[in-house]
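**Student:** I have a structure I would like to understand better, so I am pasting it below and will then ask my questions one at a time.
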Amino acid sequence: MCGIVAMFSQHGSISAELLQKATRSLRHRGPDGQRYWIAPDYRVGLGHARLSIIDLTTGDQPIANEDETLRIIVNGEFYGYEAIQKELEQAGHRLRTRSDSEIALHLYEDLGAHCLHRLRGEFAIVLWDSVNRTMFAARDRFGIKPLFYALHEGTLYLASEVKALFAAGVPARWDAESVYQSGGIGGHQMRTLFDGIYQVPPGHYMIASDKHVQLSQYWDFNYPKTNDVRPQRSDAEYAEEFRHAFEEAVRIRLRADVPVGCYLSGGIDSCAVLGLAARHHQGPVRAFTLTFDRPEYNEAEIAKEMAAKAQAEFFPIPIQQDDLADAFTDAILQSETLCVNAHGVAKYLLSRAVRKAGYKVVLTGEGSDEILGGYLHFRRDMVVNNGNGTKPNVAATVRQSVALSRNGNGRELDGVRRLLGFVPGWMETSFALSAKMHAVLSGEFLESYAGHDGFRSFFNDIDVAGQLAGREPLNQSLYLWAKTRLPNYLLVLLGDRMEMGHSVEGRVPFLDHHVVEVMRSQPVTQKIRATTQKYVLRESARDVITETAYRRPKHPFLSPPATLNPQGRLSVLMQDMLRGPVLASMPFFDQKKIVSMLDSLHTTDENSRVANDQVLMMVLSACVLQDGFRLST
């Protein structure tokens with residue numbers, strides 16, 4: 001994994017100094033060297049900050065093709081690249097490196113944008129085609145790797161992180177509408193928190209020329225319709241199919257020229273990854289586990305049991321809440337987003353410890369909940385709207401448990417219901433959080449968005465007829481989650497940004513598109529069976545995980561809320577920042593309301609403090625971004 005920067009001026013020259021400054025701002029993503037290329041006419045520039053993982057000797061970028069008419073920069077990994085290298089060489093291509101990144105260059109040379117269908121992995125790429133004066137940029141199917149862009153004063157800027165765009169000269173300003181919508185839909189497919197800065201959506205590519213910029217989609221989930229005729233198979237056959245695809249995804253992600261470890265929690269996802277990795281790894285796998293000082297958040301014993309079964313080297317990393325306070329600012333500036341819990345900070349500290357232990361690559365369990373329906377709200381969607389494979393008494397139990405877990409005022413989401421015929425459970429929960437967030441916004445700011453419907457603007461970019469209509473409600477809910485929460489929050493705060501903040505590459509076998517396409521084709525009852533979630537994963541991986549992991553229900557990865565430890569440094573940081581001048585300088589929030597919430601914490605019960613902690617963390621992270629990036633409005 002690396003950091004990439006590109007500039008393409010439609011009229012004048014680009015600045016070599018700013019290109020280098022932007023690339024240097026990504027040094028944490030690529031500490032092993034920064035390189036640049038600028039076109040002879042100074043209209044185009046490419047920058048690359050390298051983290052050396054495959055081909056440590058000759059893999060520097062940008063890489064040019066044989067006649068130097070194409071140049072590419074890549075952030076990510078392509079799996080199965082050796083076979084494609086042989087294929088390219090047999091077709092007459094001369095490879096300059098043995099790096100996996102170079103295959104994308106020559107595949108584009110032969111296939112143009114259709115090369116993306118040959119690429120398997122996590123990636124963001126930018127390629128300059130000098131003959132056609134075209135810049136080609138693309139992002140992997142699920143948004144595992146970030147890619148942002150901005151058009152400013154006649155120049156197109158692209159980069160792995162927003163801070164690099166700021167360093168290149170793009171103005172640092174809040175997008176007020178995105179702030180207003182924070183906590184709601186979970187983020188737009190293209191918009192960010194920052195004015196004029198967008199992201200290439202997952203599964204899309206960009207073509208930019210002197211006269212236009214165009215985004216096109218090359219992959220989507222394409223869940224089957226409920227009336228599609230499919231052959232019925234046994235549970236054992238479905239489990240075997242999933243196991244084959246998933247084990248291959250784990251195996252190919254062990255390929256590296258540096259040591260590969262695993263992140264391990266007490267959940268079935270990381271346990272399954274470790275269990276399968278141990279079957280294909282030479283020698284014991286090192287398993288890195290976060291431990292917390294509050295027992296209800298600590299999964300160390302479950303993880304230790306799993307490590308013993310896999311004959312892995314158990315490597316616990318103790319984290320206290322004061323550690324979260326010390327790293328909070330750095331982690332939020334690295335994430336460039338708002339958080340509802342300090343779990344991202346904990347992941348940031350985990351990655352720091354992994355890097356200090358001498359590891360650059362880890363396998364993680366992210367993505368499993370998104371393809372297998374692992375969260376409680378997905379079980380609600382299955383039960384309330386499908387009922388497939390669910391007994392009546394179980395359905396009643398799930399409805400009751402979800403009702404008890406909800407917060408908010410119960411306001412109907414009529415627009416979503418009219419469009420889909422139901423409201424996904426996660427949208428109801430998100431709407432409740434949004435309502436709590438709106439309760440601390442300033443009256444003037446709220447008034448400026450009176451009557452605004454964030455769901456409508458989101459759905460305007462969703463192919464409802466082509467991707468949702470006629471599908472199982474559970475699959476519709478999974479689809480929408482994968483367009484919002486997955487790339488905009490989970491793969492940021494629990495994925496790429498927290499890992500690459502310490503030059504660690506996270507590989508996610510659950511989001512191998514071959515695995516996803518297998519799961520897409522299987523009945524929803526392989527995802528959720530009665531009260532059992534991720535059914536097919538449990539059955540297919542049972543031989544490589546502990547009985548504890550097999551039977552354990554979903555526990556979201558969370559760190560202890562700051563509001564539960566009023567004397568801790570994280571709580572003190574929250575109190576000081578939210579009562580201080582940074583928050584007062586921001587036009588979005590009503591500081592008096594926030595101070596009132598802070599003052600009432602000691603009189604409320606634990607459940608109320610935990611609920612308020614989400615809102616306070618979002619405001620705190622906004623203050624960190626304001627102070628760190630000096631954002632204007």
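We name chains A, B, ... following the order of the structure tokens; residues begin at 1 in each chain, and ligands are numbered from 1 as shown.
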Tell me which protein, DNA and RNA residues are within 12 Å of A:Asp129, counting only C-alpha atoms, leaving out same-chain ones fewer than 6 positions away, and put them as number ranges by chain.

**Tutor:** A: 8, 39, 44, 64-65, 67-72, 105-106, 108-109, 112-113, 135-137, 207-209

**Student:** Expressed in Å to a single decimal, how great is the separation between atom CA of A:Val536 and atom CA of A:Ala236?

**Tutor:**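 According to the coordinates, atom CA of A:Val536 and atom CA of A:Ala236 are separated by 9.0 Å.
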
**Student:** Please identify all polymer residues within 9 Å of stretch 492-503 of chain A, counting only C-alpha atoms, omitting same-chain residues fewer than 4 positions from it, and present them as a ChimeraX atom specification.

**Tutor:** /A:1-2,27-31,51,144-146,161,330-332,334-337,339,343-355,360-361,364,366,486-488

**Student:** For the residues in the current selection, export N, CA and C atoms as a tab-separated table (two decimals), in the first residue's frame.

**Tutor:**
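Printed below is out00.tsv as written:
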```
chain	number	residue	atom	x	y	z
A	1	MET	N	0.84	-1.19	0.00
A	1	MET	CA	0.00	0.00	0.00
A	1	MET	C	0.88	1.24	0.00
A	2	CYS	N	0.33	2.33	-0.51
A	2	CYS	CA	1.13	3.52	-0.70
A	2	CYS	C	0.22	4.75	-0.62
A	27	ARG	N	3.60	10.75	3.66
A	27	ARG	CA	4.77	9.95	4.00
A	27	ARG	C	4.42	8.79	4.93
A	28	HIS	N	3.41	8.98	5.80
A	28	HIS	CA	3.00	7.90	6.70
A	28	HIS	C	2.47	6.70	5.93
A	29	ARG	N	1.94	6.94	4.72
A	29	ARG	CA	1.45	5.84	3.88
A	29	ARG	C	2.58	5.17	3.13
A	30	GLY	N	3.66	5.90	2.90
A	30	GLY	CA	4.77	5.36	2.12
A	30	GLY	C	6.10	5.90	2.60
A	31	PRO	N	6.61	5.36	3.70
A	31	PRO	CA	7.86	5.88	4.26
A	31	PRO	C	9.12	5.39	3.54
A	51	LEU	N	5.23	2.21	0.22
A	51	LEU	CA	5.41	1.23	1.28
A	51	LEU	C	5.79	-0.07	0.59
A	144	ILE	N	-12.16	-0.07	-0.37
A	144	ILE	CA	-11.17	-0.40	0.66
A	144	ILE	C	-10.05	0.62	0.65
A	145	LYS	N	-9.63	1.02	-0.53
A	145	LYS	CA	-8.60	2.05	-0.67
A	145	LYS	C	-9.25	3.38	-1.04
A	146	PRO	N	-8.84	4.47	-0.42
A	146	PRO	CA	-9.46	5.77	-0.68
A	146	PRO	C	-8.91	6.44	-1.94
A	161	GLU	N	-5.55	10.90	0.30
A	161	GLU	CA	-6.14	11.52	1.48
A	161	GLU	C	-6.42	12.98	1.21
A	330	ASP	N	-4.33	12.79	16.77
A	330	ASP	CA	-3.61	12.26	15.62
A	330	ASP	C	-4.49	11.31	14.81
A	331	ALA	N	-5.25	10.46	15.51
A	331	ALA	CA	-6.08	9.48	14.81
A	331	ALA	C	-7.20	10.15	14.02
A	332	ILE	N	-7.83	11.16	14.60
A	332	ILE	CA	-8.94	11.83	13.89
A	332	ILE	C	-8.41	12.61	12.70
A	334	GLN	N	-5.90	11.79	11.01
A	334	GLN	CA	-5.59	10.77	10.03
A	334	GLN	C	-6.85	10.28	9.32
A	335	SER	N	-7.96	10.17	10.06
A	335	SER	CA	-9.21	9.65	9.48
A	335	SER	C	-9.93	10.66	8.61
A	336	GLU	N	-9.82	11.96	8.96
A	336	GLU	CA	-10.49	13.04	8.22
A	336	GLU	C	-12.02	12.88	8.22
A	337	THR	N	-12.54	12.33	9.31
A	337	THR	CA	-13.98	12.15	9.41
A	337	THR	C	-14.41	12.26	10.87
A	339	CYS	N	-16.23	10.62	14.29
A	339	CYS	CA	-16.37	9.31	14.89
A	339	CYS	C	-17.46	9.32	15.95
A	343	HIS	N	-13.21	3.73	18.96
A	343	HIS	CA	-12.70	2.46	18.44
A	343	HIS	C	-11.68	2.67	17.33
A	344	GLY	N	-11.86	3.72	16.53
A	344	GLY	CA	-10.88	4.01	15.50
A	344	GLY	C	-9.53	4.38	16.09
A	345	VAL	N	-9.55	5.10	17.20
A	345	VAL	CA	-8.30	5.46	17.88
A	345	VAL	C	-7.61	4.20	18.40
A	346	ALA	N	-8.41	3.27	18.95
A	346	ALA	CA	-7.85	2.01	19.41
A	346	ALA	C	-7.19	1.25	18.25
A	347	LYS	N	-7.84	1.27	17.09
A	347	LYS	CA	-7.26	0.59	15.91
A	347	LYS	C	-5.97	1.30	15.48
A	348	TYR	N	-5.93	2.60	15.61
A	348	TYR	CA	-4.73	3.39	15.30
A	348	TYR	C	-3.58	2.95	16.21
A	349	LEU	N	-3.86	2.76	17.50
A	349	LEU	CA	-2.84	2.33	18.45
A	349	LEU	C	-2.42	0.88	18.18
A	350	LEU	N	-3.38	0.06	17.77
A	350	LEU	CA	-3.06	-1.32	17.39
A	350	LEU	C	-2.08	-1.32	16.23
A	351	SER	N	-2.33	-0.51	15.22
A	351	SER	CA	-1.45	-0.47	14.06
A	351	SER	C	-0.06	0.05	14.43
A	352	ARG	N	-0.01	0.98	15.36
A	352	ARG	CA	1.30	1.49	15.83
A	352	ARG	C	2.12	0.37	16.47
A	353	ALA	N	1.44	-0.43	17.30
A	353	ALA	CA	2.14	-1.53	17.97
A	353	ALA	C	2.57	-2.59	16.97
A	354	VAL	N	1.74	-2.84	15.96
A	354	VAL	CA	2.08	-3.82	14.93
A	354	VAL	C	3.32	-3.38	14.16
A	355	ARG	N	3.35	-2.11	13.81
A	355	ARG	CA	4.51	-1.59	13.08
A	355	ARG	C	5.78	-1.67	13.94
A	360	LYS	N	4.47	-5.09	8.45
A	360	LYS	CA	3.88	-4.14	7.51
A	360	LYS	C	2.53	-4.60	6.98
A	361	VAL	N	2.22	-5.89	7.11
A	361	VAL	CA	1.02	-6.46	6.50
A	361	VAL	C	0.26	-7.28	7.53
A	364	THR	N	-7.25	-8.87	8.13
A	364	THR	CA	-8.27	-8.42	9.06
A	364	THR	C	-9.63	-9.03	8.70
A	366	GLU	N	-12.57	-7.31	8.59
A	366	GLU	CA	-13.56	-6.32	8.14
A	366	GLU	C	-14.30	-6.83	6.89
A	486	LEU	N	-20.10	1.33	5.04
A	486	LEU	CA	-18.90	0.53	4.82
A	486	LEU	C	-17.73	1.37	4.31
A	487	PRO	N	-17.85	2.05	3.16
A	487	PRO	CA	-16.68	2.80	2.67
A	487	PRO	C	-16.42	4.11	3.41
A	488	ASN	N	-17.47	4.72	3.96
A	488	ASN	CA	-17.32	6.05	4.54
A	488	ASN	C	-16.98	6.06	6.01
```

**Student:** How would you write, as a ChimeraX atom specification, the set of residues in stretch 426-516 of chain A that DSSP gives as strand (DSSP E or B)?

**Tutor:** /A:441,505-507

**Student:** Using C-alpha atoms, can you export the residues from the last selection as a CSV table (one decimal), in the first residue's frame?

**Tutor:**
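File written: selection25.csv
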```
chain,number,residue,atom,x,y,z
A,441,LEU,CA,-26.9,22.3,16.3
A,505,GLU,CA,-1.3,-2.6,5.0
A,506,GLY,CA,-4.6,-4.2,6.0
A,507,ARG,CA,-5.8,-7.0,3.7
```

**Student:** With only C-alpha atoms as the counted atoms, please give the residues lying no more than 8 Å from A:Phe422, apart from itself and same-chain residues fewer than 4 positions off, as a list in words.

**Tutor:**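 Non-adjacent residues within range: Asn385, Val416, Arg417, Arg418 and Pro473 of chain A.
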
**Student:** Quick one: residues within 12 Å of A:Pro231, only C-alpha atoms, excluding same-chain residues fewer than 3 positions away - as a count of residues only?

**Tutor:** 7

**Student:** Looking at A:Gln20, A:Ser216, A:Ser99, A:Asn227, which one is nearest to A:Arg139, with distances taken over only C-alpha atoms?

**Tutor:**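 For A:Arg139, the nearest of the candidates is A:Ser216.
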
**Student:** Using only C-alpha atoms for the distances, tell me which of A:Gln214, A:Gln282, A:Ser265, A:Thr23 is nearest to A:Asn298.

**Tutor:**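 Checking each candidate against A:Asn298, we get A:Ser265 as the closest.
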
**Student:** What lies within 7 Å of A:Thr155 using only C-alpha atoms, ignoring chain neighbours under 5 positions off, as a PyMOL selection string?

**Tutor:** chain A and resi 7-10

**Student:** Store the residues of this selection in a file with C-alpha atoms, as a PDB file, in the first residue's frame.

**Tutor:**
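Saved to selection_1.pdb:
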```pdb
ATOM      1  CA  MET A   7      -2.431  16.776 -10.933  1.00  0.00           C
ATOM      2  CA  PHE A   8      -3.817  17.565 -14.383  1.00  0.00           C
ATOM      3  CA  SER A   9      -4.056  21.201 -15.439  1.00  0.00           C
ATOM      4  CA  GLN A  10      -6.492  22.052 -18.210  1.00  0.00           C
TER       5      GLN A  10
END
```

**Student:** Which residues of stretch 106-218 of chain A come within 7 Å of stretch 623-631 of chain A, and for each one, what is the closest pair of atoms and their distance in Å to one decimal, counting only C-alpha atoms, sorted by chain and residue number, as a Markdown table?

**Tutor:**
```
| residue | atom | partner | partner_atom | distance |
| --- | --- | --- | --- | --- |
| A:Ala172 | CA | A:Leu631 | CA | 5.2 |
| A:Arg173 | CA | A:Leu631 | CA | 4.8 |
| A:Trp174 | CA | A:Leu631 | CA | 6.2 |
```

**Student:** Of the candidates A:Arg456, A:Lys527, A:Lys225, A:His513, which one gets nearest to A:Glu248 if we count only C-alpha atoms?

**Tutor:**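 Selected residue with least distance to A:Glu248: A:His513.
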
**Student:** Would you pick out the contacts of A:Leu474 at 9 Å or less, using only C-alpha atoms, so that residues sharing its chain but fewer than 2 positions from it are not included, and give the list as JSON, numbers by chain?

**Tutor:** {"A": [373, 378, 379, 380, 381, 382, 383, 385, 386, 424, 471, 472, 476, 477, 478, 479, 524]}
